[in-house]
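*Asks:* File follows, model-v1.cif with mmCIF, C-alpha atoms:
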```
data_data
loop_
_atom_site.label_atom_id
_atom_site.label_comp_id
_atom_site.auth_asym_id
_atom_site.auth_seq_id
_atom_site.Cartn_x
_atom_site.Cartn_y
_atom_site.Cartn_z
CA MET A 2 -165.28 -46.00 -75.59
CA SER A 3 -162.28 -46.94 -77.63
CA SER A 4 -161.11 -50.53 -77.65
CA PRO A 5 -157.60 -51.48 -76.55
CA ALA A 6 -156.75 -52.39 -80.12
CA LEU A 7 -157.42 -48.83 -81.24
CA ARG A 8 -155.25 -47.26 -78.60
CA ALA A 9 -152.09 -45.54 -79.77
CA SER A 10 -149.07 -47.77 -79.62
CA PRO A 11 -146.08 -46.55 -77.66
CA PRO A 12 -143.38 -44.66 -79.58
CA ALA A 13 -140.85 -46.73 -81.47
CA ALA A 14 -138.02 -45.29 -79.36
CA SER A 15 -139.59 -46.70 -76.16
CA ARG A 16 -139.86 -50.17 -77.69
CA GLN A 17 -136.19 -50.31 -78.66
CA PRO A 18 -134.15 -52.57 -76.38
CA ARG A 19 -131.60 -50.91 -74.21
CA ARG A 20 -128.08 -51.24 -75.41
CA ARG A 21 -125.82 -53.22 -73.17
CA GLY A 22 -122.11 -53.75 -73.06
CA GLY A 23 -121.14 -50.13 -72.36
CA PHE A 24 -119.82 -50.83 -68.86
CA TRP A 25 -116.43 -52.32 -69.72
CA PRO A 26 -115.55 -49.77 -72.42
CA THR A 27 -116.30 -47.05 -69.87
CA VAL A 28 -114.09 -48.75 -67.29
CA ILE A 29 -111.25 -49.08 -69.80
CA LEU A 30 -111.55 -45.41 -70.77
CA LEU A 31 -111.50 -44.37 -67.10
CA ILE A 32 -108.39 -46.48 -66.51
CA GLY A 33 -106.72 -44.87 -69.53
CA ALA A 34 -107.69 -41.40 -68.31
CA GLY A 35 -106.29 -42.18 -64.86
CA TYR A 36 -103.06 -43.45 -66.41
CA CYS A 37 -102.68 -40.20 -68.35
CA LEU A 38 -103.57 -37.98 -65.40
CA LEU A 39 -101.34 -39.75 -62.85
CA PRO A 40 -98.09 -37.97 -63.91
CA LEU A 41 -99.92 -34.64 -63.89
CA LEU A 42 -101.24 -35.25 -60.40
CA TRP A 43 -97.75 -36.19 -59.23
CA VAL A 44 -96.25 -33.00 -60.70
CA ILE A 45 -98.90 -30.89 -58.98
CA SER A 46 -98.28 -32.67 -55.69
CA ALA A 47 -94.48 -32.54 -55.96
CA ALA A 48 -94.55 -28.81 -56.75
CA THR A 49 -96.06 -28.17 -53.30
CA LYS A 50 -93.23 -29.87 -51.43
CA LEU A 51 -90.02 -28.40 -50.12
CA PRO A 52 -86.66 -29.79 -51.34
CA GLY A 53 -86.28 -31.84 -48.17
CA GLU A 54 -89.67 -33.50 -48.65
CA LEU A 55 -89.37 -34.31 -52.36
CA PHE A 56 -87.09 -37.37 -52.06
CA THR A 57 -88.12 -38.49 -48.58
CA THR A 58 -91.84 -39.06 -49.21
CA PHE A 59 -93.75 -40.32 -52.23
CA SER A 60 -97.39 -39.36 -52.10
CA LEU A 61 -99.99 -37.81 -54.40
CA ARG A 62 -101.28 -35.79 -51.46
CA PRO A 63 -100.17 -32.16 -51.84
CA SER A 64 -98.38 -30.40 -49.03
CA PHE A 65 -99.98 -27.33 -47.46
CA ASN A 66 -96.95 -25.97 -45.62
CA GLY A 67 -96.33 -23.18 -48.14
CA GLY A 68 -93.86 -25.19 -50.19
CA PHE A 69 -95.38 -24.23 -53.53
CA TRP A 70 -95.07 -20.48 -52.90
CA GLU A 71 -91.52 -20.95 -51.67
CA ASN A 72 -90.64 -22.97 -54.77
CA LEU A 73 -92.30 -20.39 -57.00
CA LYS A 74 -90.34 -17.62 -55.28
CA GLN A 75 -87.06 -19.50 -55.77
CA LEU A 76 -87.98 -20.17 -59.40
CA SER A 77 -88.68 -16.49 -60.02
CA GLN A 78 -85.36 -15.50 -58.48
CA PHE A 79 -83.33 -18.08 -60.38
CA ARG A 80 -80.71 -16.21 -62.44
CA GLY A 81 -82.66 -12.98 -62.13
CA GLY A 82 -85.95 -14.32 -63.50
CA GLN A 83 -84.53 -16.45 -66.31
CA TYR A 84 -87.52 -18.80 -66.13
CA TRP A 85 -89.97 -16.03 -67.05
CA ARG A 86 -87.77 -15.03 -69.99
CA TRP A 87 -88.04 -18.62 -71.22
CA THR A 88 -91.79 -18.43 -70.73
CA LEU A 89 -92.04 -15.30 -72.87
CA ASN A 90 -89.92 -16.97 -75.53
CA SER A 91 -92.23 -19.99 -75.55
CA LEU A 92 -95.26 -17.71 -75.87
CA LEU A 93 -93.57 -15.95 -78.78
CA TYR A 94 -92.65 -19.17 -80.56
CA ALA A 95 -95.94 -20.96 -79.89
CA GLY A 96 -98.30 -18.00 -80.23
CA GLY A 97 -96.63 -16.33 -83.18
CA GLY A 98 -95.79 -19.58 -84.94
CA ALA A 99 -99.28 -21.02 -84.46
CA ALA A 100 -100.98 -17.82 -85.66
CA LEU A 101 -98.84 -17.55 -88.80
CA SER A 102 -99.10 -21.27 -89.49
CA THR A 103 -102.90 -21.13 -89.13
CA MET A 104 -103.13 -18.36 -91.72
CA VAL A 105 -100.88 -20.28 -94.13
CA SER A 106 -102.92 -23.43 -93.55
CA ALA A 107 -106.19 -21.56 -94.09
CA ALA A 108 -105.07 -20.02 -97.37
CA ALA A 109 -103.50 -23.22 -98.69
CA GLY A 110 -106.42 -25.40 -97.61
CA TYR A 111 -108.95 -22.99 -99.12
CA GLY A 112 -107.02 -22.92 -102.39
CA LEU A 113 -106.82 -26.71 -102.60
CA ALA A 114 -110.52 -27.04 -101.80
CA LYS A 115 -112.07 -24.37 -104.01
CA TYR A 116 -109.79 -23.90 -107.03
CA ARG A 117 -109.23 -26.24 -109.93
CA PHE A 118 -105.69 -26.20 -111.31
CA ALA A 119 -103.22 -28.60 -112.86
CA GLY A 120 -101.44 -30.80 -110.33
CA ARG A 121 -103.89 -30.20 -107.50
CA ASP A 122 -104.39 -33.91 -106.79
CA ILE A 123 -100.64 -34.51 -106.90
CA ILE A 124 -100.05 -31.71 -104.39
CA PHE A 125 -102.72 -33.13 -102.09
CA THR A 126 -101.17 -36.61 -102.32
CA LEU A 127 -97.75 -35.21 -101.45
CA LEU A 128 -99.37 -33.35 -98.58
CA LEU A 129 -100.78 -36.58 -97.18
CA GLY A 130 -97.32 -38.13 -97.42
CA ALA A 131 -95.79 -35.14 -95.60
CA VAL A 132 -98.24 -35.64 -92.72
CA LEU A 133 -96.62 -39.04 -92.08
CA VAL A 134 -93.07 -37.63 -91.91
CA PRO A 135 -91.93 -37.09 -88.28
CA GLY A 136 -90.72 -33.59 -87.56
CA VAL A 137 -87.60 -35.01 -85.92
CA LEU A 138 -86.28 -36.07 -89.33
CA LEU A 139 -86.45 -32.49 -90.61
CA ALA A 140 -84.68 -30.76 -87.70
CA VAL A 141 -81.11 -31.20 -88.98
CA PRO A 142 -81.89 -30.26 -92.63
CA GLN A 143 -83.76 -27.21 -91.36
CA TYR A 144 -80.76 -26.18 -89.28
CA LEU A 145 -78.47 -26.50 -92.31
CA LEU A 146 -80.83 -24.32 -94.36
CA MET A 147 -81.05 -21.69 -91.61
CA ALA A 148 -77.28 -21.67 -91.21
CA GLU A 149 -76.89 -21.23 -94.97
CA ILE A 150 -79.01 -18.06 -94.99
CA GLY A 151 -77.56 -16.74 -91.73
CA LEU A 152 -80.62 -17.16 -89.50
CA ALA A 153 -79.40 -19.98 -87.26
CA GLY A 154 -79.46 -18.92 -83.62
CA SER A 155 -82.15 -16.26 -84.14
CA TYR A 156 -85.84 -16.25 -83.24
CA TRP A 157 -86.68 -16.72 -86.92
CA SER A 158 -84.82 -20.03 -87.00
CA VAL A 159 -87.54 -21.47 -84.76
CA LEU A 160 -90.50 -19.56 -86.21
CA ILE A 161 -89.95 -20.12 -89.94
CA PRO A 162 -89.94 -23.96 -89.85
CA CYS A 163 -93.28 -23.83 -88.03
CA LEU A 164 -95.05 -21.79 -90.71
CA VAL A 165 -95.98 -24.72 -92.95
CA SER A 166 -97.90 -27.53 -91.28
CA PRO A 167 -98.99 -30.39 -93.59
CA LEU A 168 -101.55 -31.54 -91.04
CA GLY A 169 -102.93 -28.00 -90.68
CA ILE A 170 -103.27 -27.61 -94.45
CA PHE A 171 -104.94 -31.02 -94.70
CA LEU A 172 -107.48 -30.18 -91.97
CA SER A 173 -108.15 -26.75 -93.48
CA ARG A 174 -108.74 -28.26 -96.90
CA ILE A 175 -111.22 -30.82 -95.51
CA TYR A 176 -113.03 -28.18 -93.45
CA ALA A 177 -113.19 -25.65 -96.29
CA THR A 178 -114.73 -28.28 -98.56
CA ALA A 179 -117.41 -29.01 -95.97
CA VAL A 180 -118.47 -25.52 -94.84
CA ILE A 181 -117.93 -23.19 -97.81
CA PRO A 182 -120.53 -23.63 -100.58
CA ASP A 183 -119.48 -22.72 -104.09
CA GLU A 184 -122.64 -20.62 -104.47
CA MET A 185 -121.42 -18.26 -101.75
CA LEU A 186 -118.16 -17.66 -103.59
CA GLU A 187 -119.94 -17.18 -106.91
CA ALA A 188 -122.21 -14.58 -105.30
CA GLY A 189 -119.16 -12.66 -104.13
CA ARG A 190 -117.66 -12.74 -107.61
CA VAL A 191 -120.92 -11.53 -109.13
CA ASP A 192 -120.87 -8.58 -106.72
CA GLY A 193 -117.42 -7.67 -108.02
CA ALA A 194 -115.29 -8.85 -105.09
CA GLY A 195 -111.74 -9.97 -105.81
CA GLU A 196 -110.39 -13.35 -104.79
CA VAL A 197 -108.44 -11.97 -101.84
CA ARG A 198 -111.48 -10.13 -100.51
CA ILE A 199 -113.64 -13.22 -100.99
CA PHE A 200 -111.20 -15.25 -98.92
CA PHE A 201 -110.98 -12.77 -96.03
CA SER A 202 -114.60 -11.54 -96.08
CA ILE A 203 -116.56 -14.66 -97.04
CA ALA A 204 -114.53 -17.84 -96.68
CA LEU A 205 -112.54 -17.17 -93.51
CA LEU A 206 -115.46 -16.78 -91.09
CA PRO A 207 -117.10 -20.19 -91.77
CA MET A 208 -113.68 -21.81 -91.41
CA LEU A 209 -113.08 -20.26 -87.98
CA PRO A 210 -114.02 -23.29 -85.82
CA GLY A 211 -111.77 -25.54 -87.89
CA LEU A 212 -108.95 -22.99 -87.78
CA VAL A 213 -109.23 -22.91 -83.98
CA THR A 214 -108.44 -26.63 -84.01
CA VAL A 215 -105.46 -26.04 -86.31
CA PHE A 216 -104.23 -23.22 -84.04
CA LEU A 217 -104.50 -25.38 -80.92
CA LEU A 218 -102.66 -28.29 -82.51
CA GLN A 219 -99.89 -26.00 -83.70
CA PHE A 220 -99.66 -24.12 -80.40
CA VAL A 221 -99.37 -27.31 -78.36
CA GLY A 222 -96.90 -28.82 -80.82
CA ILE A 223 -94.62 -25.76 -80.82
CA TRP A 224 -94.97 -25.26 -77.05
CA ASN A 225 -93.79 -28.84 -76.42
CA ASN A 226 -91.17 -28.84 -79.18
CA PHE A 227 -87.69 -29.54 -77.88
CA LEU A 228 -85.40 -30.77 -80.65
CA LEU A 229 -85.79 -27.89 -83.11
CA PRO A 230 -84.97 -25.03 -80.67
CA PHE A 231 -82.30 -27.21 -79.04
CA ILE A 232 -80.51 -27.52 -82.38
CA MET A 233 -81.18 -23.99 -83.62
CA LEU A 234 -80.42 -21.90 -80.54
CA SER A 235 -77.23 -21.40 -78.59
CA ASP A 236 -78.12 -18.25 -76.63
CA GLU A 237 -79.72 -19.11 -73.29
CA ASN A 238 -81.78 -15.92 -73.38
CA LYS A 239 -83.61 -17.22 -76.48
CA PHE A 240 -84.39 -20.67 -75.10
CA PRO A 241 -88.03 -21.78 -74.77
CA LEU A 242 -89.22 -23.55 -71.65
CA THR A 243 -88.48 -27.02 -72.95
CA VAL A 244 -84.80 -26.32 -73.60
CA GLY A 245 -84.48 -24.10 -70.52
CA LEU A 246 -85.81 -26.78 -68.18
CA TYR A 247 -83.51 -29.30 -69.84
CA THR A 248 -80.51 -27.17 -68.89
CA LEU A 249 -81.78 -27.15 -65.31
CA ILE A 250 -82.02 -30.94 -65.32
CA ASN A 251 -78.33 -31.15 -66.23
CA GLN A 252 -77.51 -28.88 -63.29
CA GLY A 253 -79.71 -30.90 -60.95
CA VAL A 254 -77.18 -33.76 -60.95
CA ASP A 255 -74.86 -31.70 -58.76
CA GLN A 256 -77.55 -29.58 -57.11
CA PRO A 257 -80.47 -31.74 -55.88
CA GLY A 258 -82.38 -28.65 -54.76
CA VAL A 259 -82.80 -27.64 -58.40
CA TYR A 260 -85.22 -30.54 -58.97
CA THR A 261 -87.95 -28.73 -57.05
CA LEU A 262 -87.50 -25.74 -59.36
CA ILE A 263 -87.75 -28.01 -62.40
CA ILE A 264 -90.95 -29.63 -61.16
CA THR A 265 -92.49 -26.28 -60.23
CA GLY A 266 -91.52 -24.86 -63.60
CA ALA A 267 -93.05 -27.87 -65.38
CA MET A 268 -96.31 -27.39 -63.49
CA VAL A 269 -96.45 -23.66 -64.28
CA ALA A 270 -95.76 -24.45 -67.95
CA ILE A 271 -99.02 -26.44 -68.10
CA ILE A 272 -101.16 -23.45 -67.11
CA PRO A 273 -101.05 -21.59 -70.48
CA LEU A 274 -102.20 -24.73 -72.31
CA VAL A 275 -105.12 -25.22 -69.93
CA LEU A 276 -106.15 -21.57 -70.20
CA LEU A 277 -105.93 -21.71 -73.98
CA PHE A 278 -108.27 -24.69 -74.17
CA LEU A 279 -110.73 -23.07 -71.75
CA VAL A 280 -110.79 -19.81 -73.73
CA LEU A 281 -111.08 -21.33 -77.20
CA GLN A 282 -113.56 -24.11 -76.43
CA ARG A 283 -116.48 -21.72 -76.99
CA PHE A 284 -115.67 -21.71 -80.70
CA TRP A 285 -116.26 -25.45 -80.80
CA ARG A 286 -119.58 -24.96 -79.04
CA LEU A 287 -120.50 -22.28 -81.57
CA ASP A 288 -119.75 -24.72 -84.37
CA LEU A 289 -121.97 -27.40 -82.83
CA ILE A 290 -124.82 -24.92 -82.36
CA SER A 291 -124.54 -23.63 -85.91
CA GLY A 292 -124.50 -27.19 -87.21
CA SER A 293 -127.69 -28.03 -85.33
CA VAL A 294 -129.39 -24.91 -86.64
CA LYS A 295 -128.41 -25.70 -90.22
CA GLY A 296 -129.65 -29.26 -89.83
#
```
Written as structure tokens, that's how I'd like the structure from this file.
*Replies:*
Amino acid sequence: MSSPALRASPPAASRQPRRRGGFWPTVILLIGAGYCLLPLLWVISAATKLPGELFTTFSLRPSFNGGFWENLKQLSQFRGGQYWRWTLNSLLYAGGGAALSTMVSAAAGYGLAKYRFAGRDIIFTLLLGAVLVPGVLLAVPQYLLMAEIGLAGSYWSVLIPCLVSPLGIFLSRIYATAVIPDEMLEAGRVDGAGEVRIFFSIALLPMLPGLVTVFLLQFVGIWNNFLLPFIMLSDENKFPLTVGLYTLINQGVDQPGVYTLIITGAMVAIIPLVLLFLVLQRFWRLDLISGSVKG
């Protein structure tokens, strides 16, 4: 019979004291989350109310009298479906601009991470400085450049300034350094692959989870961008949702019923962002799984 002294001691993890002090940080985070979600909840609730109910009652409780479908019908009929034209323009600007910007960021970040050339550190330092420059400061110079080459007022005047993202290049460079081993690239060169083929066939796939993050950041940034298309565009048929809804706000001063259309349009404009996050989140999960397998 074994003595108590020879018995196995409990695992070290079970002897560790429980950490305390996590209650108040959790409460603060929940309060912050509620503060951020409150405007969204109000927009969802207000979009379900008829024009007569919008300014007479203030409540987060949605209305179930068919107000949302009536507002959506009126929004669809506004100027022959102008809202949906703005939506397609936003999808073009955000989707096309984010995709092109992600490819530019991937190539530039990969080059800065895996190639040695004169001035690389200077370029990276300038890149870090460019991340700190607000995009608002560049809107007017970009308009002057686009007007000089005759592209002001076109779709390209909104797409071209979005192609280069200092933050996207910075994130791609950091991610490429972390996930692409030099041995993999050397193996491709030994097999006779060119540098372009190595980038597309070997380097691009490990960078995919990081590039998804870059794409999402660019898509959300372009989707919510107001000042650049407001300065660049003069044709209402080329407006994105941000500028289009702004024109409705100006009309709402004389037409109070337009406010319900604006609120409904703002709520519908959130749906593509939510769907995009739900669709692309599996790439983040794939990255976490692959990281655990490698570990």
*Asks:* Between A:Leu212, A:Met185, A:Leu164, A:Leu246, which residue has the minimum interatomic distance to Trp85 in chain A, considering only C-alpha atoms?
*Replies:*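 The shortest atom-to-atom distance to Trp85 in chain A comes from A:Leu246.
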*Asks:* Expand the PyMOL selection byres ((chain A and resi 221-225) around 8) into the individual residues it matches in the shown file, reporting them as a list in words.
*Replies:*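 Applying the expression gives Ser91, Leu92, Tyr94, Ala95, Gly98, Ala99, Cys163, Leu217, Leu218, Gln219, Phe220, Asn226, Phe227, Thr243 and Leu274 of chain A.
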*Asks:* Neighbours of Leu205 in chain A within 12 Å (all atoms listed in the file; same-chain residues fewer than 4 positions away dropped), as an MDAnalysis selection string?
*Replies:* chainID A and resid 103:104 106:108 110:112 173 176:177 180:181 186 197:201 209:213
*Asks:* I'd like to see the residues matched by the PyMOL selection byres ((chain A and resi 71) around 12) on this file, and ideally I'd get them as a list of chain:residue names.
*Replies:*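 That expression, the PyMOL selection byres ((chain A and resi 71) around 12), corresponds here to A:Ala48, A:Thr49, A:Lys50, A:Leu51, A:Pro52, A:Ser64, A:Phe65, A:Asn66, A:Gly67, A:Gly68, A:Phe69, A:Trp70, A:Asn72, A:Leu73, A:Lys74, A:Gln75, A:Leu76, A:Ser77, A:Gln78, A:Thr261, A:Leu262, A:Thr265.
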*Asks:* List as a list in words: which residues have an atom within 6 Å of (-80.1, -24.4, -84.7), counting all atoms listed in the file?
*Replies:*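 Residues lying no farther than 6 Å from the given point: Tyr144, Ala153, Gly154, Ile232, Met233 and Leu234 of chain A.
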*Asks:* If you measure from CA of Asn90 in chain A to CA of Gly245 in chain A, what distance in Å do you get, rounded to one decimal?
*Replies:* 10.3 Å
*Asks:* For Arg86 in chain A, list every protein, DNA or RNA residue within 9 Å, evaluated using only C-alpha atoms, and leave out those in the same chain fewer than 4 positions away; present the list as a VMD selection string.
*Replies:* chain A and resid 82 90 to 91 238 to 242
*Asks:* Using all atoms listed in the file, what residues lie at most 12 Å away from (-101.5, -34.8, -90.3) (file coordinates), given as a list of chain:residue names?
*Replies:*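 Residues close enough to count: A:Ser106, A:Phe125, A:Leu127, A:Leu128, A:Leu129, A:Gly130, A:Ala131, A:Val132, A:Leu133, A:Val134, A:Pro135, A:Gly136, A:Val165, A:Ser166, A:Pro167, A:Leu168, A:Gly169, A:Ile170, A:Phe171, A:Leu172, A:Ser173, A:Arg174, A:Ile175, A:Val215, A:Leu218, A:Gln219.
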*Asks:* Find the residues around Asn251 in chain A up to 12 Å (all atoms listed in the file counted), leave out those fewer than 6 positions away in its own chain, and share them as number ranges by chain.
*Replies:* A: 244-245, 257, 259-260, 263
*Asks:* Tell me, in Å to one decimal, how far CA of Ala109 in chain A is from CA of Thr178 in chain A.
*Replies:*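 Between these atoms lies a distance of 12.3 Å.
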*Asks:* CA of Val137 in chain A and CA of Ile264 in chain A are how many Å apart?
*Replies:*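 CA of Val137 in chain A sits 25.6 Å away from CA of Ile264 in chain A.
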*Asks:* For Trp157 in chain A, which residue among A:Pro207, A:Gly120, A:Pro182, A:Gly97 is the nearest when counting all atoms listed in the file?
*Replies:*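 The answer is A:Gly97, which sits nearest to Trp157 in chain A.
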*Asks:* Using all atoms listed in the file, can you tell me which of A:Ala188, A:Ala267, A:Leu229, A:Leu160 comes closest to Leu145 in chain A?
*Replies:* A:Leu229
*Asks:* Step by step: locate range 72-96 of chain A in the block above, keep N, CA and C atoms, then write the file as an mmCIF file, in the first residue's frame.
*Replies:*
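Generated output (part-v3.cif):
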```cif
data_model
loop_
_atom_site.group_PDB
_atom_site.id
_atom_site.type_symbol
_atom_site.label_atom_id
_atom_site.label_comp_id
_atom_site.auth_asym_id
_atom_site.auth_seq_id
_atom_site.Cartn_x
_atom_site.Cartn_y
_atom_site.Cartn_z
ATOM 1 N N ASN A 72 -41.372 51.251 -46.699
ATOM 2 C CA ASN A 72 -40.223 52.135 -46.896
ATOM 3 C C ASN A 72 -39.287 51.595 -47.970
ATOM 4 N N LEU A 73 -39.093 50.279 -47.972
ATOM 5 C CA LEU A 73 -38.228 49.680 -48.983
ATOM 6 C C LEU A 73 -38.829 49.829 -50.374
ATOM 7 N N LYS A 74 -40.145 49.714 -50.460
ATOM 8 C CA LYS A 74 -40.816 49.898 -51.755
ATOM 9 C C LYS A 74 -40.653 51.323 -52.240
ATOM 10 N N GLN A 75 -40.852 52.305 -51.333
ATOM 11 C CA GLN A 75 -40.690 53.707 -51.712
ATOM 12 C C GLN A 75 -39.240 54.006 -52.088
ATOM 13 N N LEU A 76 -38.301 53.377 -51.384
ATOM 14 C CA LEU A 76 -36.892 53.588 -51.700
ATOM 15 C C LEU A 76 -36.552 53.032 -53.080
ATOM 16 N N SER A 77 -37.112 51.885 -53.417
ATOM 17 C CA SER A 77 -36.844 51.280 -54.719
ATOM 18 C C SER A 77 -37.445 52.098 -55.853
ATOM 19 N N GLN A 78 -38.557 52.764 -55.586
ATOM 20 C CA GLN A 78 -39.223 53.556 -56.615
ATOM 21 C C GLN A 78 -38.694 54.978 -56.710
ATOM 22 N N PHE A 79 -37.826 55.376 -55.809
ATOM 23 C CA PHE A 79 -37.337 56.752 -55.794
ATOM 24 C C PHE A 79 -36.510 57.029 -57.049
ATOM 25 N N ARG A 80 -36.947 57.964 -57.851
ATOM 26 C CA ARG A 80 -36.278 58.349 -59.101
ATOM 27 C C ARG A 80 -35.981 57.146 -59.988
ATOM 28 N N GLY A 81 -36.926 56.227 -60.056
ATOM 29 C CA GLY A 81 -36.775 55.076 -60.940
ATOM 30 C C GLY A 81 -35.695 54.091 -60.511
ATOM 31 N N GLY A 82 -35.502 53.925 -59.204
ATOM 32 C CA GLY A 82 -34.504 52.977 -58.712
ATOM 33 C C GLY A 82 -33.111 53.550 -58.603
ATOM 34 N N GLN A 83 -33.019 54.863 -58.341
ATOM 35 C CA GLN A 83 -31.710 55.511 -58.252
ATOM 36 C C GLN A 83 -30.873 54.943 -57.106
ATOM 37 N N TYR A 84 -31.549 54.549 -56.027
ATOM 38 C CA TYR A 84 -30.801 54.006 -54.878
ATOM 39 C C TYR A 84 -30.028 52.771 -55.276
ATOM 40 N N TRP A 85 -30.606 51.871 -56.062
ATOM 41 C CA TRP A 85 -29.920 50.635 -56.435
ATOM 42 C C TRP A 85 -28.780 50.911 -57.414
ATOM 43 N N ARG A 86 -28.884 51.963 -58.195
ATOM 44 C CA ARG A 86 -27.761 52.366 -59.041
ATOM 45 C C ARG A 86 -26.590 52.814 -58.161
ATOM 46 N N TRP A 87 -26.896 53.586 -57.112
ATOM 47 C CA TRP A 87 -25.842 53.975 -56.169
ATOM 48 C C TRP A 87 -25.222 52.756 -55.489
ATOM 49 N N THR A 88 -26.064 51.772 -55.201
ATOM 50 C CA THR A 88 -25.549 50.555 -54.556
ATOM 51 C C THR A 88 -24.587 49.821 -55.477
ATOM 52 N N LEU A 89 -24.944 49.705 -56.747
ATOM 53 C CA LEU A 89 -24.045 49.052 -57.708
ATOM 54 C C LEU A 89 -22.746 49.835 -57.857
ATOM 55 N N ASN A 90 -22.851 51.165 -57.849
ATOM 56 C CA ASN A 90 -21.628 51.970 -57.918
ATOM 57 C C ASN A 90 -20.734 51.733 -56.702
ATOM 58 N N SER A 91 -21.329 51.656 -55.527
ATOM 59 C CA SER A 91 -20.544 51.389 -54.318
ATOM 60 C C SER A 91 -19.884 50.022 -54.381
ATOM 61 N N LEU A 92 -20.612 49.024 -54.885
ATOM 62 C CA LEU A 92 -20.020 47.695 -55.032
ATOM 63 C C LEU A 92 -18.864 47.709 -56.026
ATOM 64 N N LEU A 93 -19.009 48.495 -57.089
ATOM 65 C CA LEU A 93 -17.925 48.617 -58.063
ATOM 66 C C LEU A 93 -16.704 49.295 -57.446
ATOM 67 N N TYR A 94 -16.929 50.412 -56.785
ATOM 68 C CA TYR A 94 -15.805 51.134 -56.182
ATOM 69 C C TYR A 94 -15.142 50.303 -55.078
ATOM 70 N N ALA A 95 -15.962 49.763 -54.168
ATOM 71 C CA ALA A 95 -15.407 49.047 -53.019
ATOM 72 C C ALA A 95 -14.851 47.690 -53.420
ATOM 73 N N GLY A 96 -15.611 46.930 -54.221
ATOM 74 C CA GLY A 96 -15.142 45.606 -54.618
ATOM 75 C C GLY A 96 -13.960 45.665 -55.560
#
```
